[in-house]
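As stored in run.cif (mmCIF, C-alpha atoms):
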```cif
data_final
#
loop_
_atom_site.group_PDB
_atom_site.id
_atom_site.type_symbol
_atom_site.label_atom_id
_atom_site.label_comp_id
_atom_site.auth_asym_id
_atom_site.auth_seq_id
_atom_site.Cartn_x
_atom_site.Cartn_y
_atom_site.Cartn_z
ATOM 1 C CA MET A 15 0.000 0.000 0.000
ATOM 2 C CA PRO A 16 1.136 3.646 -0.108
ATOM 3 C CA THR A 17 3.358 3.260 2.956
ATOM 4 C CA LEU A 18 5.636 0.723 1.263
ATOM 5 C CA ASN A 19 9.045 1.891 0.121
ATOM 6 C CA GLN A 20 10.080 1.592 -3.516
ATOM 7 C CA PRO A 21 8.152 -1.549 -4.483
ATOM 8 C CA SER A 22 9.732 -4.055 -6.872
ATOM 9 C CA THR A 23 6.817 -4.207 -9.358
ATOM 10 C CA VAL A 24 6.583 -0.561 -10.306
ATOM 11 C CA LYS A 25 4.420 0.553 -13.203
ATOM 12 C CA THR A 26 6.447 2.513 -15.745
ATOM 13 C CA LEU A 27 5.303 5.429 -17.858
ATOM 14 C CA HIS A 28 4.375 4.456 -21.428
ATOM 15 C CA SER A 29 3.717 7.928 -22.875
ATOM 16 C CA ILE A 30 2.642 11.487 -22.112
ATOM 17 C CA GLN A 31 -0.283 12.925 -24.052
ATOM 18 C CA ARG A 32 -0.234 16.674 -24.703
ATOM 19 C CA THR A 33 -2.574 18.778 -26.777
ATOM 20 C CA ARG A 34 -3.049 22.399 -27.746
ATOM 21 C CA ASP A 35 -6.592 21.613 -28.852
ATOM 22 C CA ARG A 36 -9.197 24.000 -27.463
ATOM 23 C CA HIS A 37 -12.772 24.094 -28.660
ATOM 24 C CA TRP A 38 -16.247 24.842 -27.401
ATOM 25 C CA VAL A 39 -18.901 22.260 -26.653
ATOM 26 C CA GLY A 40 -22.067 24.279 -26.969
ATOM 27 C CA ASP A 41 -21.588 27.728 -25.454
ATOM 28 C CA GLY A 42 -20.841 26.624 -21.900
ATOM 29 C CA PHE A 43 -17.877 24.281 -22.033
ATOM 30 C CA PRO A 44 -14.482 25.481 -23.328
ATOM 31 C CA VAL A 45 -12.665 22.147 -23.508
ATOM 32 C CA ARG A 46 -9.392 20.476 -24.314
ATOM 33 C CA THR A 47 -9.740 16.854 -25.395
ATOM 34 C CA LEU A 48 -6.834 15.317 -23.498
ATOM 35 C CA LEU A 49 -7.577 11.700 -24.379
ATOM 36 C CA ALA A 50 -9.470 10.068 -27.260
ATOM 37 C CA TYR A 51 -9.895 6.528 -28.554
ATOM 38 C CA ASN A 52 -9.130 7.616 -32.132
ATOM 39 C CA GLY A 53 -5.529 6.493 -32.517
ATOM 40 C CA LEU A 54 -5.204 5.126 -28.978
ATOM 41 C CA GLY A 55 -8.063 2.601 -28.979
ATOM 42 C CA GLN A 56 -7.091 -0.447 -26.959
ATOM 43 C CA THR A 57 -4.194 1.367 -25.284
ATOM 44 C CA ILE A 58 -6.598 3.357 -23.093
ATOM 45 C CA SER A 59 -9.396 0.744 -22.804
ATOM 46 C CA PRO A 60 -11.811 0.719 -20.973
ATOM 47 C CA PHE A 61 -11.650 4.521 -21.258
ATOM 48 C CA LEU A 62 -12.653 6.252 -24.482
ATOM 49 C CA LEU A 63 -12.307 10.014 -24.147
ATOM 50 C CA LEU A 64 -11.548 12.718 -21.608
ATOM 51 C CA ASP A 65 -12.412 16.419 -21.934
ATOM 52 C CA HIS A 66 -11.109 19.054 -19.519
ATOM 53 C CA ALA A 67 -13.404 22.086 -19.457
ATOM 54 C CA GLY A 68 -11.831 25.281 -18.156
ATOM 55 C CA PRO A 69 -10.724 26.631 -15.863
ATOM 56 C CA ALA A 70 -12.581 29.652 -17.236
ATOM 57 C CA ASN A 71 -14.379 32.630 -15.755
ATOM 58 C CA PHE A 72 -17.960 33.316 -16.837
ATOM 59 C CA PRO A 73 -19.826 36.586 -16.219
ATOM 60 C CA PRO A 74 -23.332 36.502 -14.719
ATOM 61 C CA THR A 75 -26.133 35.858 -17.200
ATOM 62 C CA THR A 76 -29.827 35.058 -17.407
ATOM 63 C CA ALA A 77 -29.215 32.909 -20.494
ATOM 64 C CA ARG A 78 -28.725 29.141 -20.384
ATOM 65 C CA ARG A 79 -25.140 28.229 -21.216
ATOM 66 C CA GLY A 80 -24.316 24.675 -22.202
ATOM 67 C CA VAL A 81 -25.178 22.083 -24.806
ATOM 68 C CA GLY A 82 -28.711 21.110 -25.795
ATOM 69 C CA GLU A 83 -30.379 17.776 -26.452
ATOM 70 C CA HIS A 84 -28.083 15.143 -28.019
ATOM 71 C CA PRO A 85 -27.901 11.326 -27.983
ATOM 72 C CA HIS A 86 -25.480 8.678 -26.675
ATOM 73 C CA ARG A 87 -25.302 4.892 -26.900
ATOM 74 C CA GLY A 88 -22.810 2.215 -25.897
ATOM 75 C CA PHE A 89 -20.882 3.832 -23.048
ATOM 76 C CA GLU A 90 -21.033 5.961 -19.882
ATOM 77 C CA THR A 91 -20.217 9.603 -19.233
ATOM 78 C CA VAL A 92 -18.647 10.623 -15.934
ATOM 79 C CA THR A 93 -18.642 14.334 -15.050
ATOM 80 C CA ILE A 94 -16.584 15.648 -12.121
ATOM 81 C CA VAL A 95 -17.074 19.296 -11.138
ATOM 82 C CA TYR A 96 -14.171 21.207 -9.588
ATOM 83 C CA ASP A 97 -15.672 24.714 -9.787
ATOM 84 C CA GLY A 98 -19.122 25.893 -10.857
ATOM 85 C CA GLU A 99 -22.293 23.873 -11.415
ATOM 86 C CA VAL A 100 -23.599 21.482 -14.080
ATOM 87 C CA GLU A 101 -27.286 20.745 -14.587
ATOM 88 C CA HIS A 102 -28.161 17.491 -16.358
ATOM 89 C CA ARG A 103 -31.439 16.101 -17.697
ATOM 90 C CA ASP A 104 -31.999 12.959 -19.781
ATOM 91 C CA SER A 105 -34.791 11.081 -21.528
ATOM 92 C CA ALA A 106 -34.530 8.115 -19.128
ATOM 93 C CA GLY A 107 -35.627 10.328 -16.238
ATOM 94 C CA GLY A 108 -32.201 11.005 -14.769
ATOM 95 C CA GLY A 109 -31.014 14.422 -13.825
ATOM 96 C CA GLY A 110 -29.889 16.890 -11.227
ATOM 97 C CA ILE A 111 -27.436 19.675 -10.422
ATOM 98 C CA ILE A 112 -23.887 18.914 -9.308
ATOM 99 C CA GLY A 113 -21.426 21.372 -7.808
ATOM 100 C CA PRO A 114 -17.798 21.388 -6.632
ATOM 101 C CA GLY A 115 -16.670 17.901 -5.612
ATOM 102 C CA ASP A 116 -19.811 16.212 -6.954
ATOM 103 C CA VAL A 117 -19.925 13.556 -9.689
ATOM 104 C CA GLN A 118 -22.523 12.606 -12.273
ATOM 105 C CA TRP A 119 -22.206 9.054 -13.641
ATOM 106 C CA MET A 120 -24.574 8.591 -16.575
ATOM 107 C CA THR A 121 -24.926 5.205 -18.239
ATOM 108 C CA ALA A 122 -26.212 5.754 -21.776
ATOM 109 C CA ALA A 123 -26.013 2.036 -22.659
ATOM 110 C CA ALA A 124 -28.977 1.230 -24.977
ATOM 111 C CA GLY A 125 -29.433 4.904 -25.668
ATOM 112 C CA LEU A 126 -30.868 8.160 -24.423
ATOM 113 C CA VAL A 127 -30.773 11.841 -25.145
ATOM 114 C CA HIS A 128 -29.648 14.417 -22.621
ATOM 115 C CA GLU A 129 -28.696 18.036 -22.153
ATOM 116 C CA GLU A 130 -26.021 19.692 -20.018
ATOM 117 C CA PHE A 131 -26.081 23.324 -18.902
ATOM 118 C CA HIS A 132 -24.503 25.498 -16.252
ATOM 119 C CA GLY A 133 -26.512 25.325 -13.046
ATOM 120 C CA PRO A 134 -28.942 28.238 -12.601
ATOM 121 C CA ASN A 135 -27.274 29.672 -9.486
ATOM 122 C CA PHE A 136 -23.858 29.589 -11.125
ATOM 123 C CA ALA A 137 -25.220 31.231 -14.288
ATOM 124 C CA LYS A 138 -26.865 33.980 -12.227
ATOM 125 C CA ASN A 139 -23.733 34.749 -10.196
ATOM 126 C CA GLY A 140 -20.958 33.817 -12.654
ATOM 127 C CA GLY A 141 -17.483 32.811 -11.558
ATOM 128 C CA LEU A 142 -14.820 30.176 -12.106
ATOM 129 C CA PHE A 143 -15.869 27.031 -13.964
ATOM 130 C CA GLU A 144 -13.887 23.786 -14.254
ATOM 131 C CA MET A 145 -14.928 20.201 -14.836
ATOM 132 C CA VAL A 146 -13.753 16.937 -16.349
ATOM 133 C CA GLN A 147 -15.891 14.608 -18.446
ATOM 134 C CA LEU A 148 -14.736 11.047 -19.059
ATOM 135 C CA TRP A 149 -16.288 8.501 -21.419
ATOM 136 C CA VAL A 150 -16.103 4.904 -20.133
ATOM 137 C CA ASN A 151 -16.678 2.056 -22.576
ATOM 138 C CA LEU A 152 -19.129 -0.772 -21.912
ATOM 139 C CA PRO A 153 -18.490 -4.406 -22.889
ATOM 140 C CA ALA A 154 -20.617 -5.753 -25.731
ATOM 141 C CA LYS A 155 -22.879 -7.666 -23.337
ATOM 142 C CA ASP A 156 -23.834 -4.420 -21.558
ATOM 143 C CA LYS A 157 -24.034 -1.942 -24.434
ATOM 144 C CA MET A 158 -27.797 -2.405 -24.682
ATOM 145 C CA ALA A 159 -28.470 -2.375 -20.943
ATOM 146 C CA GLU A 160 -31.035 -0.009 -19.459
ATOM 147 C CA PRO A 161 -29.765 3.573 -19.034
ATOM 148 C CA ARG A 162 -29.218 4.836 -15.487
ATOM 149 C CA TYR A 163 -28.109 7.975 -13.691
ATOM 150 C CA GLN A 164 -25.979 8.222 -10.547
ATOM 151 C CA GLY A 165 -25.778 11.632 -8.897
ATOM 152 C CA ILE A 166 -22.950 11.388 -6.354
ATOM 153 C CA THR A 167 -22.435 14.226 -3.897
ATOM 154 C CA SER A 168 -19.063 15.162 -2.473
ATOM 155 C CA GLY A 169 -20.210 14.019 0.977
ATOM 156 C CA GLN A 170 -20.781 10.476 -0.327
ATOM 157 C CA ILE A 171 -17.186 10.141 -1.578
ATOM 158 C CA PRO A 172 -14.714 8.728 0.991
ATOM 159 C CA VAL A 173 -11.547 10.736 1.577
ATOM 160 C CA VAL A 174 -8.337 8.942 2.594
ATOM 161 C CA GLU A 175 -5.520 11.017 4.086
ATOM 162 C CA LEU A 176 -2.170 9.799 2.780
ATOM 163 C CA PRO A 177 0.653 9.260 5.299
ATOM 164 C CA GLU A 178 3.365 11.760 6.200
ATOM 165 C CA GLY A 179 1.544 14.727 4.706
ATOM 166 C CA GLN A 180 1.613 13.316 1.173
ATOM 167 C CA GLY A 181 -1.889 14.611 0.442
ATOM 168 C CA SER A 182 -5.324 13.050 0.150
ATOM 169 C CA LEU A 183 -7.293 10.748 -2.146
ATOM 170 C CA ARG A 184 -11.054 10.683 -2.844
ATOM 171 C CA VAL A 185 -12.401 7.278 -3.888
ATOM 172 C CA ILE A 186 -15.063 7.915 -6.544
ATOM 173 C CA ALA A 187 -15.058 4.353 -7.890
ATOM 174 C CA GLY A 188 -13.271 1.184 -6.866
ATOM 175 C CA GLU A 189 -11.416 0.791 -3.593
ATOM 176 C CA PHE A 190 -8.429 2.240 -1.762
ATOM 177 C CA GLN A 191 -7.269 1.060 1.678
ATOM 178 C CA HIS A 192 -10.705 -0.511 2.332
ATOM 179 C CA ALA A 193 -12.505 2.736 1.407
ATOM 180 C CA GLN A 194 -15.114 1.872 -1.227
ATOM 181 C CA GLY A 195 -16.184 4.376 -3.871
ATOM 182 C CA PRO A 196 -19.943 4.950 -4.265
ATOM 183 C CA ALA A 197 -20.059 4.678 -8.080
ATOM 184 C CA GLN A 198 -21.526 1.474 -9.510
ATOM 185 C CA THR A 199 -19.535 0.224 -12.501
ATOM 186 C CA PHE A 200 -20.001 -2.517 -15.087
ATOM 187 C CA THR A 201 -16.314 -3.493 -15.177
ATOM 188 C CA SER A 202 -13.463 -3.241 -12.672
ATOM 189 C CA ILE A 203 -12.520 0.454 -12.428
ATOM 190 C CA ASN A 204 -10.706 2.638 -9.912
ATOM 191 C CA MET A 205 -11.240 6.394 -10.088
ATOM 192 C CA TRP A 206 -9.286 8.363 -7.512
ATOM 193 C CA ASP A 207 -9.295 12.156 -7.178
ATOM 194 C CA LEU A 208 -5.863 13.130 -5.840
ATOM 195 C CA ARG A 209 -4.515 16.161 -3.996
ATOM 196 C CA LEU A 210 -0.739 15.660 -3.754
ATOM 197 C CA THR A 211 1.721 17.717 -1.719
ATOM 198 C CA GLY A 212 4.700 19.162 -3.560
ATOM 199 C CA GLY A 213 8.030 17.617 -2.594
ATOM 200 C CA LYS A 214 6.469 14.348 -1.409
ATOM 201 C CA GLN A 215 6.586 10.856 -2.940
ATOM 202 C CA VAL A 216 3.509 8.599 -2.979
ATOM 203 C CA ASN A 217 3.324 4.878 -3.820
ATOM 204 C CA LEU A 218 -0.126 3.646 -4.832
ATOM 205 C CA GLU A 219 -1.098 0.007 -5.284
ATOM 206 C CA LEU A 220 -3.115 -0.905 -8.397
ATOM 207 C CA PRO A 221 -4.295 -4.155 -10.001
ATOM 208 C CA GLU A 222 -1.866 -5.998 -12.263
ATOM 209 C CA GLY A 223 -2.859 -5.701 -15.912
ATOM 210 C CA HIS A 224 -5.073 -2.645 -15.484
ATOM 211 C CA THR A 225 -4.822 0.283 -17.856
ATOM 212 C CA THR A 226 -3.520 3.119 -15.678
ATOM 213 C CA ILE A 227 -3.852 6.793 -16.614
ATOM 214 C CA LEU A 228 -2.861 9.890 -14.630
ATOM 215 C CA VAL A 229 -4.644 13.122 -15.570
ATOM 216 C CA VAL A 230 -2.843 16.184 -14.169
ATOM 217 C CA LEU A 231 -5.195 19.159 -13.797
ATOM 218 C CA LYS A 232 -2.991 21.461 -11.704
ATOM 219 C CA GLY A 233 0.652 21.242 -10.680
ATOM 220 C CA SER A 234 3.288 18.802 -11.901
ATOM 221 C CA VAL A 235 4.410 15.259 -11.058
ATOM 222 C CA ARG A 236 6.862 12.607 -12.162
ATOM 223 C CA VAL A 237 5.886 8.951 -12.570
ATOM 224 C CA GLY A 238 8.740 6.702 -11.487
ATOM 225 C CA GLY A 239 11.372 9.298 -12.314
ATOM 226 C CA SER A 240 9.844 10.259 -15.678
ATOM 227 C CA GLU A 241 9.923 13.695 -17.227
ATOM 228 C CA PRO A 242 7.371 15.977 -15.583
ATOM 229 C CA ILE A 243 3.676 15.608 -16.383
ATOM 230 C CA ALA A 244 2.279 19.114 -16.128
ATOM 231 C CA GLU A 245 -1.118 20.814 -16.079
ATOM 232 C CA ALA A 246 -3.607 19.516 -18.685
ATOM 233 C CA GLU A 247 -1.313 16.595 -19.573
ATOM 234 C CA ILE A 248 -1.902 12.860 -19.285
ATOM 235 C CA GLY A 249 0.493 10.066 -18.382
ATOM 236 C CA ILE A 250 -0.358 6.587 -19.700
ATOM 237 C CA CYS A 251 1.394 3.774 -17.838
ATOM 238 C CA ASP A 252 2.293 0.244 -18.887
ATOM 239 C CA ARG A 253 -0.175 -2.351 -17.634
ATOM 240 C CA ALA A 254 2.511 -4.516 -16.028
ATOM 241 C CA GLY A 255 3.266 -3.898 -12.370
ATOM 242 C CA THR A 256 1.192 -3.204 -9.291
ATOM 243 C CA PHE A 257 2.646 -0.004 -7.824
ATOM 244 C CA LEU A 258 2.665 3.536 -9.142
ATOM 245 C CA THR A 259 5.277 5.939 -7.765
ATOM 246 C CA LEU A 260 4.383 9.619 -7.956
ATOM 247 C CA ASP A 261 6.771 12.447 -7.092
ATOM 248 C CA GLY A 262 4.952 15.727 -6.570
ATOM 249 C CA LEU A 263 7.033 18.545 -8.012
ATOM 250 C CA GLN A 264 4.360 21.038 -6.914
ATOM 251 C CA ASP A 265 1.075 20.841 -5.060
ATOM 252 C CA THR A 266 -0.965 18.881 -7.587
ATOM 253 C CA THR A 267 -4.585 18.065 -8.399
ATOM 254 C CA ALA A 268 -4.851 14.902 -10.501
ATOM 255 C CA LEU A 269 -7.285 12.195 -11.465
ATOM 256 C CA LEU A 270 -6.022 8.620 -11.428
ATOM 257 C CA LEU A 271 -7.915 6.118 -13.597
ATOM 258 C CA SER A 272 -7.330 2.394 -13.699
ATOM 259 C CA GLY A 273 -9.496 -0.228 -15.331
ATOM 260 C CA ALA A 274 -9.597 -3.748 -16.715
ATOM 261 C CA PRO A 275 -9.162 -3.502 -20.511
ATOM 262 C CA ILE A 276 -12.101 -4.540 -22.689
ATOM 263 C CA ASP A 277 -10.632 -6.699 -25.457
ATOM 264 C CA GLU A 278 -13.286 -5.957 -28.067
ATOM 265 C CA PRO A 279 -13.425 -3.851 -31.252
ATOM 266 C CA ILE A 280 -14.209 -0.148 -30.827
ATOM 267 C CA VAL A 281 -16.257 1.458 -33.582
ATOM 268 C CA GLY A 282 -17.284 5.008 -32.821
ATOM 269 C CA HIS A 283 -19.136 7.752 -34.637
ATOM 270 C CA GLY A 284 -19.910 11.034 -32.910
ATOM 271 C CA PRO A 285 -21.994 10.302 -29.799
ATOM 272 C CA PHE A 286 -22.079 6.507 -30.311
ATOM 273 C CA ALA A 287 -19.445 3.873 -29.422
ATOM 274 C CA MET A 288 -20.240 0.294 -30.419
ATOM 275 C CA ASN A 289 -18.431 -2.840 -31.676
ATOM 276 C CA THR A 290 -19.404 -2.871 -35.362
ATOM 277 C CA THR A 291 -20.274 -0.427 -38.142
ATOM 278 C CA GLU A 292 -23.697 -2.050 -38.436
ATOM 279 C CA GLU A 293 -24.395 -1.227 -34.782
ATOM 280 C CA ILE A 294 -23.482 2.414 -35.434
ATOM 281 C CA TYR A 295 -25.956 2.572 -38.331
ATOM 282 C CA GLN A 296 -28.592 1.021 -36.093
ATOM 283 C CA ALA A 297 -27.887 3.562 -33.352
ATOM 284 C CA MET A 298 -28.309 6.419 -35.826
ATOM 285 C CA ALA A 299 -31.580 4.949 -37.101
ATOM 286 C CA ASP A 300 -32.899 4.375 -33.584
ATOM 287 C CA TYR A 301 -32.115 7.938 -32.568
ATOM 288 C CA GLN A 302 -33.692 9.403 -35.693
ATOM 289 C CA SER A 303 -36.844 7.325 -35.186
ATOM 290 C CA GLY A 304 -37.203 8.462 -31.576
ATOM 291 C CA LYS A 305 -36.350 5.132 -29.916
ATOM 292 C CA MET A 306 -33.884 6.848 -27.566
ATOM 293 C CA GLY A 307 -36.626 9.087 -26.243
ATOM 294 C CA ALA A 308 -36.881 12.836 -26.043
ATOM 295 C CA LEU A 309 -36.753 15.526 -23.396
ATOM 296 C CA THR A 310 -40.003 17.107 -22.282
ATOM 297 C CA PRO A 311 -40.134 20.873 -22.860
ATOM 298 C CA GLN A 312 -39.344 23.054 -19.850
#
```
Would you mind writing the structure in this file as structure tokens?
Amino acid sequence: MPTLNQPSTVKTLHSIQRTRDRHWVGDGFPVRTLLAYNGLGQTISPFLLLDHAGPANFPPTTARRGVGEHPHRGFETVTIVYDGEVEHRDSAGGGGIIGPGDVQWMTAAAGLVHEEFHGPNFAKNGGLFEMVQLWVNLPAKDKMAEPRYQGITSGQIPVVELPEGQGSLRVIAGEFQHAQGPAQTFTSINMWDLRLTGGKQVNLELPEGHTTILVVLKGSVRVGGSEPIAEAEIGICDRAGTFLTLDGLQDTTALLLSGAPIDEPIVGHGPFAMNTTEEIYQAMADYQSGKMGALTPQ
């Protein structure tokens, strides 16, 4: 566990992903796509995509900022708010407002349509906005499961203080030192929200064979003596090994993702991620014919 010194089965860094890409999703989310399955595919499985929105300051407004009704099928979206508010509503009946520290885990699976906007209080008052949205793939056997929505508040997420002032770790999904994350997942996944102290070294135990990805949102760290991974950069580790050694070069906020790879084809098109081209065509047809539902007018 994290108190062990320099374990013998250390995970090594495979690559660092950097991007200058910045684009808007709707009019509420200025994002950088830090991770995408196009080109990486099985390397990052079971994860598909990760957008980092902000940090950005928004002035007060009476308008709704965000992205309107759009469909998904075949995967899950996980939204973690660091600053601001996100309001979600979907055609399966899920929805709610999440604020700093809260998480929204939406399983699109067989298909739904949803919308995402800034929360009304945040829009009225304005301020700093920052969030992460991750797409998590589903295995073929679960791609047509019933949609579901998990609204997870910050108070439901266990916090583990790391030894010797190394920082803290919030367990959103999976387990750490017997603390169990509240998120229900279809496959084996750990999602840990880290606050690391600069100048400290942390050793974290992870399952052998898991895809392991470190998303640095603020600060800078080294993985096992690697070159620094800085703000808005991602470190992808080799699957071999069971311990990850992190050296905090500065106080750092990071998201650590680990998951059992899904050894199946990935065929994606826009808001759909399936296993075959035929399934993509079917998803498009089902959406166009209204089989994924619709949002009731507000």
Could you tell me how far atom CA of A:His28 sits from atom CA of A:Leu183, in Å to one decimal place? 23.4 Å
For atom CA of A:Gly181 and atom CA of A:Leu62, the interatomic separation in Å (one decimal): 28.4 Å
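Here the question is which of A:Val174, A:Ala137, A:Leu142, A:Ala124 gets nearest to A:Glu189 using all atoms listed in the file, and that residue is A:Val174.
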Between atom CA of A:Asp35 and atom CA of A:Glu245, what is the distance in Å, rounded to a tenth? 13.9 Å
Which residues come within 7 Å of A:Thr26, counting all atoms listed in the file, excluding same-chain residues fewer than 6 positions away, as number ranges by chain? A: 238, 251-252
